[in-house]
Structures are given as C-alpha cells and as structure tokens.
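Following: one structure in structure tokens, then a few remarks.
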Amino acid sequence: MPSKKPKTAKKPNPLLSLIFLALFISGIYTIWNPIGTPKAEKVTLDEFIKDVNAGEVEGLELEDERINYYLKDQSSKYTIKERGTSIYDLLNGSDENILNNLSIEVVSTSSRDIWLSIAPSLIFFLMIIGFFYFMMRGASNSNNQALNFGKSNARMHDKEKSKTTFKDVAGVDEAKEELEEIVDFLKHPSKYTAMGAKIPKGVLLVGPPGTGKTLLARAIAGEANVPFFSISGSEFVEMFVGVGASRVRDLFKKAKRNAPCIIFIDEIDAVGRQRGAGMGGGHDEREQTLNQILTEMDGFDVGTNVIVMAATNRPDVLDPALLRPGRFDRRVVVDKPSLKSRSEILKVHSKNKPIDKNINLKHIAQQTPGFSGADLENLMNEAAILAAKHNQKTIKQKDIEQSIEKISLGPERKSAVMSDKEKEVTAYHEMGHAIVGHVLEDCDPLKKITIISRGMALGATWFVPEEDTHLYTKQKFEHEMASLLGGYVAEEMIFGQTSTGPSNDLKRASKMARQMVTKYGMSSLGPVVFGNESDQVFLGKDLAHTKSYSENQAMEIDKQVANFVKEAYQLAKKILTDNRKQFIKLSKELLKRETLSREEFIELFEGKKLKKKAS
C-alpha cells in the first residue's frame, strides 16, 4: 500500500476572514456614526429660539449639551447649549402655548459613552489576538515543514496509469533483455529462487545523454506489477548535513513496506561521486548520503526484495564501493544506436505523425550517424514543424533531410549578407575541403557543399559516413586532417594569404594529431600513452592534468604533433595542385549556385556539364 501523506496545516478560509473584517469595520462605524441620527444643519442658539417662538418646531431631542430639533417641514437642525443649562431656561421668554405643544424627549447617552470609551482598548486587544493567531499559524506550518524536511520526495508511479512499455523503447535490444529479466524476476520469483538465484540488488544504466536511460526506467514502471519509486540524485542533497541520509532512510523504509518494488535514482552521480577525492571532491553532506545508500543496499539488513536502478552518463566518477557486486550487480550499457537501431527508433517516433508513404526511414538512418534517441525524436519533431509551416498534410522526405541539416549544421542564415570578396574566399575554402576529402579514400563520402551561412559558420562542407565507424586507423586520421586543412591550403593557393576562416579547422586538426601521439601511440615515440586521463575528473582538465613524462619528452611530443599536421598540409596541397583545374572550375560554380549536392559535385569533378542552374 502507498504510504500515507503527512497531514498539513489547514489554511484559513479567506471568505470567513473577509466576513469577520467586514463585521468589525461595520461595528466601529456604527459606534462612531449611530444609525438613525438624521443629517442636521447646525444653527446658533438665537436661531433655535427664534424657530421655537415662530412655532415652526415640532419636537426636541436632548443629548447632553446637544439639542436636536425637527421642524414641521420635516427638516432637522441642531445647536449646542452650555453645560448645566436647562432647556426651559433658554425658552423662558417664549409663549407658554407653544411650549405646551412642543414634544421634548431626553436621550440617554451613557451606553454609547461606554462603547466610545472601551472601543480603542477593544480594537487594540483584537489586534493583539490577531497577531498571535497568525504567529501561531506560521509556527505550526514551520513545524510541519521541519518534520517533513528529512522525508523522501520520491514519487510512486501507478503501473495502471503508466503508458510507457518496452514496446515504446526501440534500438536498445540488449538493455531491454537485461531489464526484462529483472521484471520477470519480480513477477515470478519462485522459479529463480528454486535454482538458488538471488534477486539482483542494483542495476546501473550507463550511457551518453539522450540514449533512453530514463525512458527504459519508465518502461519498467509500465511493465512490472510492483510499486515503482523514482527520484533524482540531486533531491537528496541539501545545505544541512544529515538531511540526505535521512531522506535515503525514509525512501528505503517506504520501499521495504511495499516490497518487492523498484527504486529508480536518476543522475546518481550527484550523490555517488568518489569519497575523499580532495579539493573539489569532498562534501560532507554528499558523502553521508552515499554512505547511507551503501548501507541500505547491502548492509546488515538483507532479504528486502528492493531493486535499486540508477542512471548516469559519468560512471568514471562513481565511488568503487557503489559499483561492487552486492550493490550494483549489473551494469547495463545504453549506447548510441547503430544503423538498424536508428531505423527502429525513427519508426517509434513517427507512429503518431502523418508520414508520407514514400519516406525511406533506412535512408534517413544512414544520414544520422552519432544521433542519440533523443536527437532522432527531436529530428522528427523538427520535420513535423517544418511540414506544418509549409501547410502540408504529410511529412515528406525533404522535410526530414532539411531537419537533419538544421540539427547537424545549424539553421540557414540567409540574412547574414557577405561581401563579394568574402563569398569568393568562402567558396574556394569549402571547395578545398570537398576536393581533398573526395580524392582521399579514407575520408567519409561528401554529402553537400554550401556557402550559405549556417549557425556560426559562413559556409559548410558536409561529409556523412555510409556506415557506423567504431575503429579509426592511422591513415584515417591522416586523411581526415588533410581534408580539414584543405580550406587553409585553398586560401593560400588562390589568394596568397589565409583568413580567420580556417581557425576551427586548425584547432580540430591539431587536437587530432595530439591524440594520435599521446593517446593512440601512432607516432614514432612508440606505443606509449602520455598523460593520465583519470586525474581529470574533479578539477578542471588543465588544473588536474598530471604530466607523466619529462620536459624533453614533451618537446618530442610537440615535434611529432607538428610533423603530423605538416604532413597533412603537404598532402592537401599536393591534391589541390594536381586538381587545380577542377578546383577552380568547381569553386566558380559553387560561387554561382551557392549550394552543390554530392551528385552535382561528382559530375562537375568528372568534367560533365550540369543541367540548368538550380533555382
């Protein structure tokens, strides 16, 4: 059964508060302005006596020194007499017949005087009561919050309301198989316990961002007939030491009451980092929280039938005690999808969209190497937006291809106006990349060349691999570097100088050359790795980088890096020199058309004439 929610303080009814305030104001107004007192004109005593002698007064009301009198024309007036003076003394010289017919009434003011005397004290007393009432209510709310401060914020998911199942997850068959086994264990524990098998304590989902780790957890919530608690690792950590550990205890207490069940901790690296890492890594609250998680997962309390699932894209920073058997027994890798997996993911994300029947999802998958599941979902969403923008009834192939270019290269910036000189330099620069990459066999196939600004770049040359690549050879690196330097060489050949355009190309080529030397052992220095990547976890990369070699060795590394870059430069220069005629011709055609597809580039490179200029 789900745990009971803590009782919260009842909020005051705003309607009752308004009614109380209205009655209070009405009472004060009534005290100071009694109902029934007519609006009267103030006159002097002489005028009052004159009205009485004239026989116009019908009746009098005496309120201490105040005389209210009413005329026969229904109007009213009042005057003030001296204290202790009788009304008969004032009207001593008046006609007796008039006085005999005059109605005189004495009004007692003692009760009103009492209210007027106690009203200030009463108001002050009510203000004090109201002050203490609101103070006590605030203290009550604070106490409730203090009592709940160490409670877990884990959300319990109702399996009947969950719409995500394993059918909604594509492209991660191996991970699904591992998790389906866990679900089956929870559904039919007897067949596993009969073989002496124990329920796994923990499952760690590892993979890059956007590969579907959280989606898999939601699918388990939809598949398993057991309670499912989900929480983020950052929800444990607070400013006060001990709160995180308290929340962990409360979470596992809830889980044990609902066992067998599943706990899912997203982004566990927020609390699971290595302990005692020194500067930048030590954090008492986080370490205490981690210690409590370790104790709950595999401490003295055994046989709880609670499976802990966690997701992270930084397994390298997790504490070793968290990863040992008995804690997280299984590590499920959720990697970026392969070509086949991308096709399946595209099918899932195109289910509820009006897709044109001629769309080839396999062809789309071939154009999206390195895309994660989240990237592919975003791709289909961008294609749907583009189709709706053009008032189409279905999503077409061109919409998806344009969306791929938008995501990979950035949106077109046709408003970014370049001068004719800049356009010319950009055209030769991009064509230098294209020709070198096309001639060298280990470079990926050319997809498109454009001098229309995209993102932060003035132009783009897009190479797309035909299949997923997992291994890079030395020649592959050398050809890729030569292609990167093709733009630099092209500017130097045609204009005799270079611009700031190749800066990013030079940066990428230099980084690639350094990795060949220090990481992959592809230089003449031999199969040695220079530097220790594991030291770059908690502090900055530059600050934490520890040199495991001498200064003389560092000089040799720099020489090797420079040699690799120079060799790539010479290779690119040779290719552009040997193909100078096609290079200049293609650059002029690109300057005229602004965009060339792969097919158009190959036709021009082979000396064929293109059809009518693309519109």
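Residue names in the structure tokens use chain letters A, B, ... in the order shown, residue numbers from 1 in each chain, and ligand numbers from 1 in the order shown.
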Report as CSV the residues of stretch 369-428 of chain A within 12 Å of stretch 444-449 of chain A, each with its shortest atom pair and distance in Å (one decimal), using only C-alpha atoms, ordered by chain and increasing residue number.
```
residue,atom,partner,partner_atom,distance
A:Pro369,CA,A:Asp444,CA,11.6
A:Glu401,CA,A:Lys447,CA,11.4
A:Gln402,CA,A:Lys448,CA,11.8
A:Ile404,CA,A:Lys447,CA,11.8
A:Glu405,CA,A:Lys448,CA,9.6
A:Leu409,CA,A:Lys448,CA,10.9
A:Thr426,CA,A:Ile449,CA,10.8
A:Ala427,CA,A:Ile449,CA,9.1
A:Tyr428,CA,A:Ile449,CA,11.1
```
Test item: residues at most 8 Å from stretch 71-83 of chain A, only C-alpha atoms, excluding those fewer than 3 positions along its chain, as a PyMOL selection string
chain A and resi 38-45+48+56-59+64-68
In stretch 227-439 of chain A, DSSP alpha helix (DSSP H) residues written as a ChimeraX atom specification
/A:243-257,284-298,320-323,339-349,361-366,373-389,397-409,420-439
Between A:Ile263, A:Ala170, A:Val206, A:Ala321, which has the minimum distance to A:Ser338 (counting only C-alpha atoms)?
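Of the candidates, the smallest distance to A:Ser338 is held by A:Ala170.
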Could you jot down the atom CA of A:Gly222 to atom CA of A:Lys176 separation for me, Å, one decimal place?
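Computed distance, atom CA of A:Gly222 to atom CA of A:Lys176, equals 13.2 Å.
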Give me, as number ranges by chain, all polymer residues having an atom no more than 12 Å from A:Leu379, counting only C-alpha atoms and skipping those fewer than 4 positions away in the same chain.
A: 342, 345-346, 349-350, 364-365, 367-368, 371-375, 383-386, 395, 399-408
For A:Ser597, which residue among A:Gln560, A:Phe236, A:Trp462, A:Asn305 is the nearest when counting only C-alpha atoms?
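For A:Ser597, the nearest of the candidates is A:Trp462.
The nearest approach to A:Asp329 among the residues A:Val203, A:Ile451, A:Ala219, A:Val306, with only C-alpha atoms taken into account, belongs to A:Val203.
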Taking only stretch 277-472 of chain A into account, list the residues labelled strand (DSSP E) by DSSP (computed from the backbone), as number ranges by chain.
A: 306-312, 330-333, 446-450, 460-463
